[in-house]
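The file my_file.csv contains CSV, C-alpha atoms and all ligand atoms:
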```csv
chain,number,residue,atom,x,y,z
A,1,MET,CA,14.1,-3.7,28.4
A,2,GLY,CA,16.7,-3.6,25.7
A,3,VAL,CA,16.6,-2.2,22.3
A,4,VAL,CA,14.1,-3.8,20.0
A,5,SER,CA,15.7,-4.1,16.6
A,6,ARG,CA,13.2,-3.4,13.9
A,7,GLY,CA,13.7,-4.3,10.3
A,8,PHE,CA,15.1,-7.8,9.7
A,9,ARG,CA,13.9,-9.5,12.9
A,10,GLY,CA,10.5,-7.9,12.8
A,11,ARG,CA,10.0,-8.7,9.2
A,12,ARG,CA,11.1,-12.3,9.7
A,13,ARG,CA,8.6,-12.9,12.5
A,14,ASP,CA,5.9,-11.5,10.3
A,15,ASP,CA,7.0,-13.6,7.3
A,16,ASP,CA,7.0,-16.8,9.4
A,17,ASP,CA,3.3,-16.2,10.2
A,18,ARG,CA,2.6,-16.1,6.5
A,19,LEU,CA,4.4,-19.4,5.9
A,20,PRO,CA,2.1,-22.5,5.8
A,21,PRO,CA,3.3,-25.6,7.6
A,22,GLY,CA,6.3,-27.4,5.9
A,23,GLN,CA,7.1,-24.5,3.5
A,24,TYR,CA,10.3,-22.4,3.2
A,25,LEU,CA,10.7,-18.9,1.7
A,26,VAL,CA,12.4,-18.3,-1.7
A,27,GLU,CA,13.3,-14.9,-3.2
A,28,ASP,CA,13.6,-16.2,-6.8
A,29,PHE,CA,10.7,-17.5,-8.8
A,30,PRO,CA,11.1,-21.2,-9.6
A,31,VAL,CA,9.6,-22.5,-12.8
A,32,LEU,CA,7.7,-25.8,-12.6
A,33,SER,CA,6.1,-27.1,-15.8
A,34,ALA,CA,5.0,-30.6,-16.6
A,35,GLY,CA,5.8,-30.2,-20.3
A,36,PRO,CA,7.1,-27.8,-22.9
A,37,THR,CA,6.1,-24.2,-22.8
A,38,PRO,CA,3.3,-23.6,-25.3
A,39,ARG,CA,3.6,-20.4,-27.4
A,40,VAL,CA,0.3,-18.7,-27.9
A,41,PRO,CA,0.2,-15.5,-29.9
A,42,ARG,CA,-2.1,-13.0,-28.4
A,43,GLU,CA,-4.1,-12.5,-31.6
A,44,ARG,CA,-5.0,-16.2,-31.5
A,45,TRP,CA,-5.4,-16.4,-27.8
A,46,GLU,CA,-8.9,-16.9,-26.4
A,47,PHE,CA,-10.4,-17.7,-23.0
A,48,THR,CA,-13.7,-19.5,-22.6
A,49,ILE,CA,-16.1,-20.4,-19.8
A,50,GLY,CA,-18.3,-23.4,-20.8
A,51,THR,CA,-21.4,-24.1,-18.7
A,52,GLU,CA,-23.0,-27.4,-17.7
A,53,SER,CA,-25.9,-26.6,-20.1
A,54,GLY,CA,-23.5,-26.3,-23.1
A,55,HIS,CA,-23.2,-22.5,-23.4
A,56,THR,CA,-19.7,-21.1,-24.1
A,57,HIS,CA,-18.7,-17.6,-23.2
A,58,ARG,CA,-15.6,-16.3,-25.1
A,59,TRP,CA,-13.1,-13.5,-24.7
A,60,SER,CA,-10.4,-12.5,-27.1
A,61,TRP,CA,-7.2,-11.0,-25.8
A,62,ASP,CA,-8.4,-7.5,-26.6
A,63,GLU,CA,-11.7,-8.2,-24.8
A,64,LEU,CA,-9.9,-9.4,-21.7
A,65,MET,CA,-7.7,-6.3,-21.7
A,66,ALA,CA,-10.8,-4.0,-22.0
A,67,LEU,CA,-12.3,-5.5,-18.8
A,68,PRO,CA,-11.7,-3.9,-15.3
A,69,GLN,CA,-8.1,-4.8,-14.1
A,70,GLU,CA,-6.9,-5.5,-10.6
A,71,THR,CA,-3.4,-5.6,-9.2
A,72,PRO,CA,-3.4,-8.2,-6.4
A,73,THR,CA,-0.3,-8.7,-4.3
A,74,VAL,CA,-0.4,-12.3,-3.0
A,75,ASP,CA,1.7,-15.1,-1.5
A,76,LEU,CA,2.4,-18.2,-3.6
A,77,HIS,CA,2.8,-21.7,-2.1
A,78,CYS,CA,4.0,-24.6,-4.2
A,79,VAL,CA,3.5,-28.2,-3.1
A,80,THR,CA,7.2,-28.8,-3.6
A,81,LYS,CA,7.6,-26.6,-0.4
A,82,TRP,CA,8.7,-23.2,-1.7
A,83,SER,CA,6.7,-20.1,-0.9
A,84,LYS,CA,7.2,-16.7,-2.4
A,85,LEU,CA,5.7,-13.7,-0.5
A,86,ASP,CA,4.2,-10.4,-1.9
A,87,THR,CA,4.1,-11.3,-5.6
A,88,ARG,CA,2.6,-8.5,-7.6
A,89,TRP,CA,0.2,-9.3,-10.5
A,90,GLN,CA,-2.2,-7.7,-12.8
A,91,GLY,CA,-5.3,-9.4,-14.1
A,92,VAL,CA,-9.0,-9.7,-14.4
A,93,SER,CA,-11.0,-11.0,-11.4
A,94,LEU,CA,-13.0,-14.2,-12.2
A,95,ASP,CA,-15.9,-12.4,-10.6
A,96,VAL,CA,-15.9,-10.1,-13.6
A,97,LEU,CA,-15.7,-13.0,-16.1
A,98,PHE,CA,-18.5,-14.9,-14.3
A,99,GLU,CA,-20.9,-11.8,-14.2
A,100,ASN,CA,-23.1,-13.0,-17.1
A,101,VAL,CA,-22.5,-16.7,-16.7
A,102,GLU,CA,-25.6,-18.6,-15.8
A,103,SER,CA,-24.6,-21.7,-14.0
A,104,ALA,CA,-25.6,-23.8,-11.0
A,105,ALA,CA,-22.5,-26.0,-11.3
A,106,ASP,CA,-20.4,-26.6,-8.2
A,107,HIS,CA,-17.2,-27.9,-10.0
A,108,ALA,CA,-14.7,-26.3,-12.3
A,109,LEU,CA,-12.2,-28.0,-14.5
A,110,ILE,CA,-9.5,-25.6,-15.7
A,111,HIS,CA,-7.8,-26.4,-19.0
A,112,SER,CA,-4.7,-24.9,-20.5
A,113,TYR,CA,-3.0,-24.6,-23.9
A,114,GLY,CA,-0.7,-27.6,-24.0
A,115,GLY,CA,-3.2,-29.9,-22.3
A,116,TYR,CA,-2.7,-29.3,-18.6
A,117,THR,CA,-5.9,-29.5,-16.4
A,118,THR,CA,-6.7,-28.9,-12.8
A,119,ASN,CA,-10.0,-28.9,-10.9
A,120,LEU,CA,-11.4,-26.9,-8.0
A,121,PRO,CA,-14.8,-25.9,-6.6
A,122,VAL,CA,-16.4,-23.0,-8.4
A,123,GLU,CA,-16.7,-21.1,-5.1
A,124,ASP,CA,-12.9,-21.0,-4.9
A,125,LEU,CA,-12.8,-19.0,-8.1
A,126,LEU,CA,-15.3,-16.3,-6.8
A,127,ASP,CA,-15.4,-13.5,-4.3
A,128,GLY,CA,-12.1,-12.0,-5.0
A,129,LYS,CA,-10.1,-15.2,-4.7
A,130,ALA,CA,-9.0,-15.8,-8.3
A,131,TRP,CA,-7.8,-13.9,-11.4
A,132,ILE,CA,-6.8,-14.4,-15.0
A,133,ALA,CA,-3.3,-12.8,-14.6
A,134,HIS,CA,-1.3,-11.5,-17.5
A,135,ARG,CA,1.3,-9.2,-15.8
A,136,PHE,CA,3.8,-10.0,-13.1
A,137,ASP,CA,6.0,-7.4,-11.4
A,138,SER,CA,4.7,-4.7,-13.8
A,139,GLU,CA,5.9,-6.7,-16.9
A,140,GLU,CA,4.1,-8.9,-19.3
A,141,LEU,CA,3.8,-12.4,-17.8
A,142,ALA,CA,6.8,-14.4,-19.1
A,143,PRO,CA,6.0,-17.6,-21.2
A,144,GLN,CA,7.6,-19.9,-18.7
A,145,HIS,CA,5.4,-18.5,-15.9
A,146,GLY,CA,2.2,-19.0,-18.0
A,147,GLY,CA,2.1,-16.0,-20.4
A,148,PRO,CA,0.2,-14.7,-22.1
A,149,ALA,CA,-2.1,-15.5,-19.2
A,150,ARG,CA,-2.5,-17.9,-16.3
A,151,LEU,CA,-5.0,-18.6,-13.6
A,152,LEU,CA,-4.0,-17.2,-10.2
A,153,VAL,CA,-5.6,-18.9,-7.2
A,154,PRO,CA,-3.2,-18.0,-4.4
A,155,HIS,CA,-5.1,-19.5,-1.5
A,156,LEU,CA,-4.5,-23.1,-2.9
A,157,TYR,CA,-1.2,-24.8,-3.8
A,158,LEU,CA,0.2,-23.3,-7.0
A,159,TRP,CA,-0.5,-26.4,-9.1
A,160,LYS,CA,-4.1,-25.1,-9.2
A,161,SER,CA,-2.9,-21.8,-10.8
A,162,ALA,CA,-3.0,-23.2,-14.4
A,163,LYS,CA,-0.4,-21.5,-16.6
A,164,TRP,CA,-1.3,-20.8,-20.3
A,165,VAL,CA,-5.0,-20.9,-19.2
A,166,ARG,CA,-7.4,-21.5,-22.0
A,167,GLY,CA,-10.7,-22.0,-20.3
A,168,ILE,CA,-13.0,-23.3,-17.6
A,169,HIS,CA,-15.5,-26.1,-17.9
A,170,LEU,CA,-18.3,-25.8,-15.3
A,171,LEU,CA,-19.4,-29.3,-14.3
A,172,ASP,CA,-22.2,-30.9,-12.1
A,173,GLU,CA,-19.7,-33.5,-11.0
A,174,ASP,CA,-16.1,-33.2,-9.9
A,175,HIS,CA,-13.5,-34.2,-12.5
A,176,PRO,CA,-9.9,-34.5,-11.2
A,177,GLY,CA,-7.2,-32.8,-13.3
A,178,PHE,CA,-3.6,-33.7,-14.2
A,179,TRP,CA,-1.9,-33.7,-10.8
A,180,GLU,CA,-5.1,-34.7,-8.9
A,181,THR,CA,-5.3,-37.9,-11.0
A,182,ALA,CA,-1.6,-38.5,-10.2
A,183,GLY,CA,-2.1,-38.6,-6.5
A,184,TYR,CA,-2.1,-35.0,-5.4
A,185,HIS,CA,-4.8,-33.8,-3.0
A,186,ASN,CA,-8.1,-32.9,-4.7
A,187,TYR,CA,-8.4,-29.5,-2.9
A,188,GLY,CA,-4.9,-28.5,-2.0
A,189,ASP,CA,-5.2,-26.0,1.0
A,190,PRO,CA,-1.6,-25.1,2.0
A,191,TRP,CA,-2.6,-24.1,5.5
A,192,ARG,CA,-4.0,-27.7,6.1
A,193,GLU,CA,-1.0,-29.2,4.2
A,194,GLN,CA,-3.2,-31.0,1.8
A,195,ARG,CA,-0.4,-32.1,-0.5
A,196,TYR,CA,-1.3,-35.6,-1.5
A,197,GLU,CA,-4.4,-37.8,-1.6
A,198,GLY,CA,-5.3,-38.7,1.9
A,199,ASP,CA,-3.6,-35.7,3.6
A,201,LIG,N1,-0.4,-25.4,-17.8
A,201,LIG,C1,0.4,-25.7,-16.7
A,201,LIG,N2,0.1,-25.0,-15.5
A,201,LIG,C2,0.8,-25.3,-14.4
A,201,LIG,C3,1.8,-26.3,-14.4
A,201,LIG,C4,2.0,-27.0,-15.6
A,201,LIG,O1,2.9,-27.9,-15.6
A,201,LIG,N3,1.3,-26.7,-16.7
A,201,LIG,N4,2.5,-26.6,-13.2
A,201,LIG,C5,1.8,-26.1,-12.0
A,201,LIG,C6,2.7,-26.2,-10.8
A,201,LIG,S1,2.9,-27.8,-10.2
A,201,LIG,C7,3.2,-25.1,-10.2
A,201,LIG,S2,4.1,-25.2,-8.8
A,201,LIG,C8,3.0,-23.8,-10.8
A,201,LIG,C9,4.4,-23.3,-11.1
A,201,LIG,O2,4.3,-22.0,-11.6
A,201,LIG,P1,5.6,-21.2,-12.0
A,201,LIG,O3,6.3,-22.1,-13.0
A,201,LIG,O4,5.2,-19.9,-12.5
A,201,LIG,O5,6.4,-21.1,-10.7
A,201,LIG,O6,2.3,-23.9,-12.1
A,201,LIG,C10,1.2,-24.7,-12.1
A,201,LIG,N5,0.5,-24.5,-13.3
A,202,MO,MO,3.9,-27.3,-8.0
```
Represent the structure of the file as structure tokens.
Amino acid sequence: MGVVSRGFRGRRRDDDDRLPPGQYLVEDFPVLSAGPTPRVPRERWEFTIGTESGHTHRWSWDELMALPQETPTVDLHCVTKWSKLDTRWQGVSLDVLFENVESAADHALIHSYGGYTTNLPVEDLLDGKAWIAHRFDSEELAPQHGGPARLLVPHLYLWKSAKWVRGIHLLDEDHPGFWETAGYHNYGDPWREQRYEGD
């Protein structure tokens, strides 16, 4: 019966299914930074993975660019309740960066230029779930959004996607990061609304 109007209505229903509990949609791209924006020239930029046995793997900017690139389109969910759908990125999968890393550690502590840290299980970085992203919407990633490069872990609240990422420490024991120490949830699954400690 009746005419089904495609377009706006249909899209809205679909979008609502993609909105975790308590979130609302935004079209702009808010900036949330706990401190000033560090400026890291690409020629001095490096990314490291340090293992629990003390080995450090390093990539320069040029080395990162020479690795296989992916172009994920993902939804972002911030703990302050905005979500942004279908964001388009370019970056290197953490699976590629972990290829020659020998580690049995379960925990990762991400650290950024500027001092920000955040922790997550190593398994949440692997199997196509995380990238070192350096382009957004076909442009170089803007400094306020984490450029030259940021971690992108879209299945967790966005505070886990460390901007200005500098490296990953692999650890045998979990070590809470900046927001996790300040009362945010240790894991941060938006679909289970794990905003704060105890959620
Ligand atoms: N280095 C660093 N990374 C960070 C933050 C920060 O303050 N410093 N804020 C986090 C939080 S709380 C959010 S919501 C997102 C915001 O990313 P955006 O500014 O690109 O929207 O970055 C996350 N990564
Ligand atoms: Mo956030």
Which of these, A:His145, A:Arg166, A:His77, A:Arg58, has the shortest distance to ligand MO 202 (chain A) once you count only C-alpha atoms and all ligand atoms?
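When distances to ligand MO 202 (chain A) are compared using only C-alpha atoms and all ligand atoms, the smallest one comes from A:His77.
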Considering only C-alpha atoms, can you say which of A:Gly115, A:Pro154, A:Gly128, A:Pro121 comes closest to Glu173 in chain A?
A:Pro121
Find the residues of chain A that sit at most 9 Å from ligand LIG 201 (chain A); for each, write down the nearest two atoms and how far apart they are in Å, to one decimal. Count all atoms listed in the file. Sort by chain, then by number going up, and give it as JSON lines.
```
{"residue": "A:Phe29", "atom": "CA", "partner": "A:LIG201", "partner_atom": "O5", "distance": 5.9}
{"residue": "A:Pro30", "atom": "CA", "partner": "A:LIG201", "partner_atom": "O5", "distance": 4.8}
{"residue": "A:Val31", "atom": "CA", "partner": "A:LIG201", "partner_atom": "O3", "distance": 3.3}
{"residue": "A:Leu32", "atom": "CA", "partner": "A:LIG201", "partner_atom": "O3", "distance": 4.0}
{"residue": "A:Ser33", "atom": "CA", "partner": "A:LIG201", "partner_atom": "O1", "distance": 3.3}
{"residue": "A:Ala34", "atom": "CA", "partner": "A:LIG201", "partner_atom": "O1", "distance": 3.6}
{"residue": "A:Gly35", "atom": "CA", "partner": "A:LIG201", "partner_atom": "O1", "distance": 6.0}
{"residue": "A:Pro36", "atom": "CA", "partner": "A:LIG201", "partner_atom": "O1", "distance": 8.4}
{"residue": "A:Thr37", "atom": "CA", "partner": "A:LIG201", "partner_atom": "N3", "distance": 8.2}
{"residue": "A:Pro38", "atom": "CA", "partner": "A:LIG201", "partner_atom": "N1", "distance": 8.6}
{"residue": "A:Leu76", "atom": "CA", "partner": "A:LIG201", "partner_atom": "O5", "distance": 8.6}
{"residue": "A:His77", "atom": "CA", "partner": "A:LIG201", "partner_atom": "S2", "distance": 7.7}
{"residue": "A:Cys78", "atom": "CA", "partner": "A:LIG201", "partner_atom": "S2", "distance": 4.6}
{"residue": "A:Val79", "atom": "CA", "partner": "A:LIG201", "partner_atom": "S2", "distance": 6.5}
{"residue": "A:Thr80", "atom": "CA", "partner": "A:LIG201", "partner_atom": "S2", "distance": 7.0}
{"residue": "A:Trp82", "atom": "CA", "partner": "A:LIG201", "partner_atom": "S2", "distance": 8.7}
{"residue": "A:His111", "atom": "CA", "partner": "A:LIG201", "partner_atom": "N1", "distance": 7.6}
{"residue": "A:Ser112", "atom": "CA", "partner": "A:LIG201", "partner_atom": "N1", "distance": 5.1}
{"residue": "A:Tyr113", "atom": "CA", "partner": "A:LIG201", "partner_atom": "N1", "distance": 6.7}
{"residue": "A:Gly114", "atom": "CA", "partner": "A:LIG201", "partner_atom": "N1", "distance": 6.6}
{"residue": "A:Gly115", "atom": "CA", "partner": "A:LIG201", "partner_atom": "N1", "distance": 7.0}
{"residue": "A:Tyr116", "atom": "CA", "partner": "A:LIG201", "partner_atom": "N1", "distance": 4.6}
{"residue": "A:Thr117", "atom": "CA", "partner": "A:LIG201", "partner_atom": "N1", "distance": 7.0}
{"residue": "A:Thr118", "atom": "CA", "partner": "A:LIG201", "partner_atom": "N2", "distance": 8.3}
{"residue": "A:Ala142", "atom": "CA", "partner": "A:LIG201", "partner_atom": "O4", "distance": 8.7}
{"residue": "A:Gln144", "atom": "CA", "partner": "A:LIG201", "partner_atom": "O3", "distance": 6.2}
{"residue": "A:His145", "atom": "CA", "partner": "A:LIG201", "partner_atom": "O4", "distance": 3.7}
{"residue": "A:Gly146", "atom": "CA", "partner": "A:LIG201", "partner_atom": "O4", "distance": 6.3}
{"residue": "A:Arg150", "atom": "CA", "partner": "A:LIG201", "partner_atom": "N2", "distance": 7.6}
{"residue": "A:Leu151", "atom": "CA", "partner": "A:LIG201", "partner_atom": "N5", "distance": 8.1}
{"residue": "A:Tyr157", "atom": "CA", "partner": "A:LIG201", "partner_atom": "S2", "distance": 7.3}
{"residue": "A:Leu158", "atom": "CA", "partner": "A:LIG201", "partner_atom": "S2", "distance": 4.7}
{"residue": "A:Trp159", "atom": "CA", "partner": "A:LIG201", "partner_atom": "C6", "distance": 3.6}
{"residue": "A:Lys160", "atom": "CA", "partner": "A:LIG201", "partner_atom": "C10", "distance": 6.1}
{"residue": "A:Ser161", "atom": "CA", "partner": "A:LIG201", "partner_atom": "N5", "distance": 5.0}
{"residue": "A:Ala162", "atom": "CA", "partner": "A:LIG201", "partner_atom": "N2", "distance": 3.7}
{"residue": "A:Lys163", "atom": "CA", "partner": "A:LIG201", "partner_atom": "N2", "distance": 3.7}
{"residue": "A:Trp164", "atom": "CA", "partner": "A:LIG201", "partner_atom": "N1", "distance": 5.3}
{"residue": "A:Val165", "atom": "CA", "partner": "A:LIG201", "partner_atom": "N1", "distance": 6.6}
{"residue": "A:Phe178", "atom": "CA", "partner": "A:LIG201", "partner_atom": "O1", "distance": 8.8}
{"residue": "A:Trp179", "atom": "CA", "partner": "A:LIG201", "partner_atom": "S1", "distance": 7.6}
```
Between A:Asp17, A:Asp127, A:Asp199, A:Glu180, which is the closest to ligand MO 202 (chain A) once you count all atoms listed in the file?
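Looking only at the distances to ligand MO 202 (chain A), the closest residue turns out to be A:Glu180.
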Min atom-atom distance to ligand MO 202 (chain A) from the set A:Glu102, A:Leu170, A:Leu141, A:Lys81, counting all atoms listed in the file, belongs to A:Lys81
Neighbouring residues of range 45-49 of chain A were defined as those with any atom within 10 Å, considering only C-alpha atoms; residues of the same chain fewer than 6 positions away were excluded. Please report them as a PDB file with C-alpha atoms, in the frame of the given file.
```
ATOM      1  CA  ARG A  39       3.600 -20.400 -27.400  1.00  0.00           C
ATOM      2  CA  HIS A  55     -23.200 -22.500 -23.400  1.00  0.00           C
ATOM      3  CA  THR A  56     -19.700 -21.100 -24.100  1.00  0.00           C
ATOM      4  CA  HIS A  57     -18.700 -17.600 -23.200  1.00  0.00           C
ATOM      5  CA  ARG A  58     -15.600 -16.300 -25.100  1.00  0.00           C
ATOM      6  CA  TRP A  59     -13.100 -13.500 -24.700  1.00  0.00           C
ATOM      7  CA  SER A  60     -10.400 -12.500 -27.100  1.00  0.00           C
ATOM      8  CA  TRP A  61      -7.200 -11.000 -25.800  1.00  0.00           C
ATOM      9  CA  ASP A  62      -8.400  -7.500 -26.600  1.00  0.00           C
ATOM     10  CA  GLU A  63     -11.700  -8.200 -24.800  1.00  0.00           C
ATOM     11  CA  LEU A  64      -9.900  -9.400 -21.700  1.00  0.00           C
ATOM     12  CA  LEU A  97     -15.700 -13.000 -16.100  1.00  0.00           C
ATOM     13  CA  PHE A  98     -18.500 -14.900 -14.300  1.00  0.00           C
ATOM     14  CA  VAL A 101     -22.500 -16.700 -16.700  1.00  0.00           C
ATOM     15  CA  ALA A 108     -14.700 -26.300 -12.300  1.00  0.00           C
ATOM     16  CA  ILE A 110      -9.500 -25.600 -15.700  1.00  0.00           C
ATOM     17  CA  HIS A 111      -7.800 -26.400 -19.000  1.00  0.00           C
ATOM     18  CA  SER A 112      -4.700 -24.900 -20.500  1.00  0.00           C
ATOM     19  CA  TYR A 113      -3.000 -24.600 -23.900  1.00  0.00           C
ATOM     20  CA  ILE A 132      -6.800 -14.400 -15.000  1.00  0.00           C
ATOM     21  CA  PRO A 148       0.200 -14.700 -22.100  1.00  0.00           C
ATOM     22  CA  ALA A 149      -2.100 -15.500 -19.200  1.00  0.00           C
ATOM     23  CA  TRP A 164      -1.300 -20.800 -20.300  1.00  0.00           C
ATOM     24  CA  VAL A 165      -5.000 -20.900 -19.200  1.00  0.00           C
ATOM     25  CA  ARG A 166      -7.400 -21.500 -22.000  1.00  0.00           C
ATOM     26  CA  GLY A 167     -10.700 -22.000 -20.300  1.00  0.00           C
ATOM     27  CA  ILE A 168     -13.000 -23.300 -17.600  1.00  0.00           C
ATOM     28  CA  HIS A 169     -15.500 -26.100 -17.900  1.00  0.00           C
ATOM     29  CA  LEU A 170     -18.300 -25.800 -15.300  1.00  0.00           C
TER      30      LEU A 170
END
```
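With CA of Ser93 in chain A on one side and CA of Leu19 in chain A on the other, the separation reads 24.6 Å.
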Between A:Val122, A:Pro21, A:Pro143, A:Gly91, which residue has the minimum interatomic distance to Tyr187 in chain A, considering only C-alpha atoms?
A:Val122
Long-range neighbours of Glu197 in chain A as a PyMOL selection string, 9 Å cut-off, all atoms listed in the file, 6 positions minimum in chain
chain A and resi 180+183-186
To one decimal in Å, tell me the separation between CA of Arg135 in chain A and CA of Met65 in chain A.
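Rounded to one decimal, the two atoms are 11.1 Å apart.
Counting only C-alpha atoms and all ligand atoms and comparing A:Leu156, A:Glu140, A:Glu123, A:Gly22, the residue that lies closest to ligand MO 202 (chain A) is A:Leu156.
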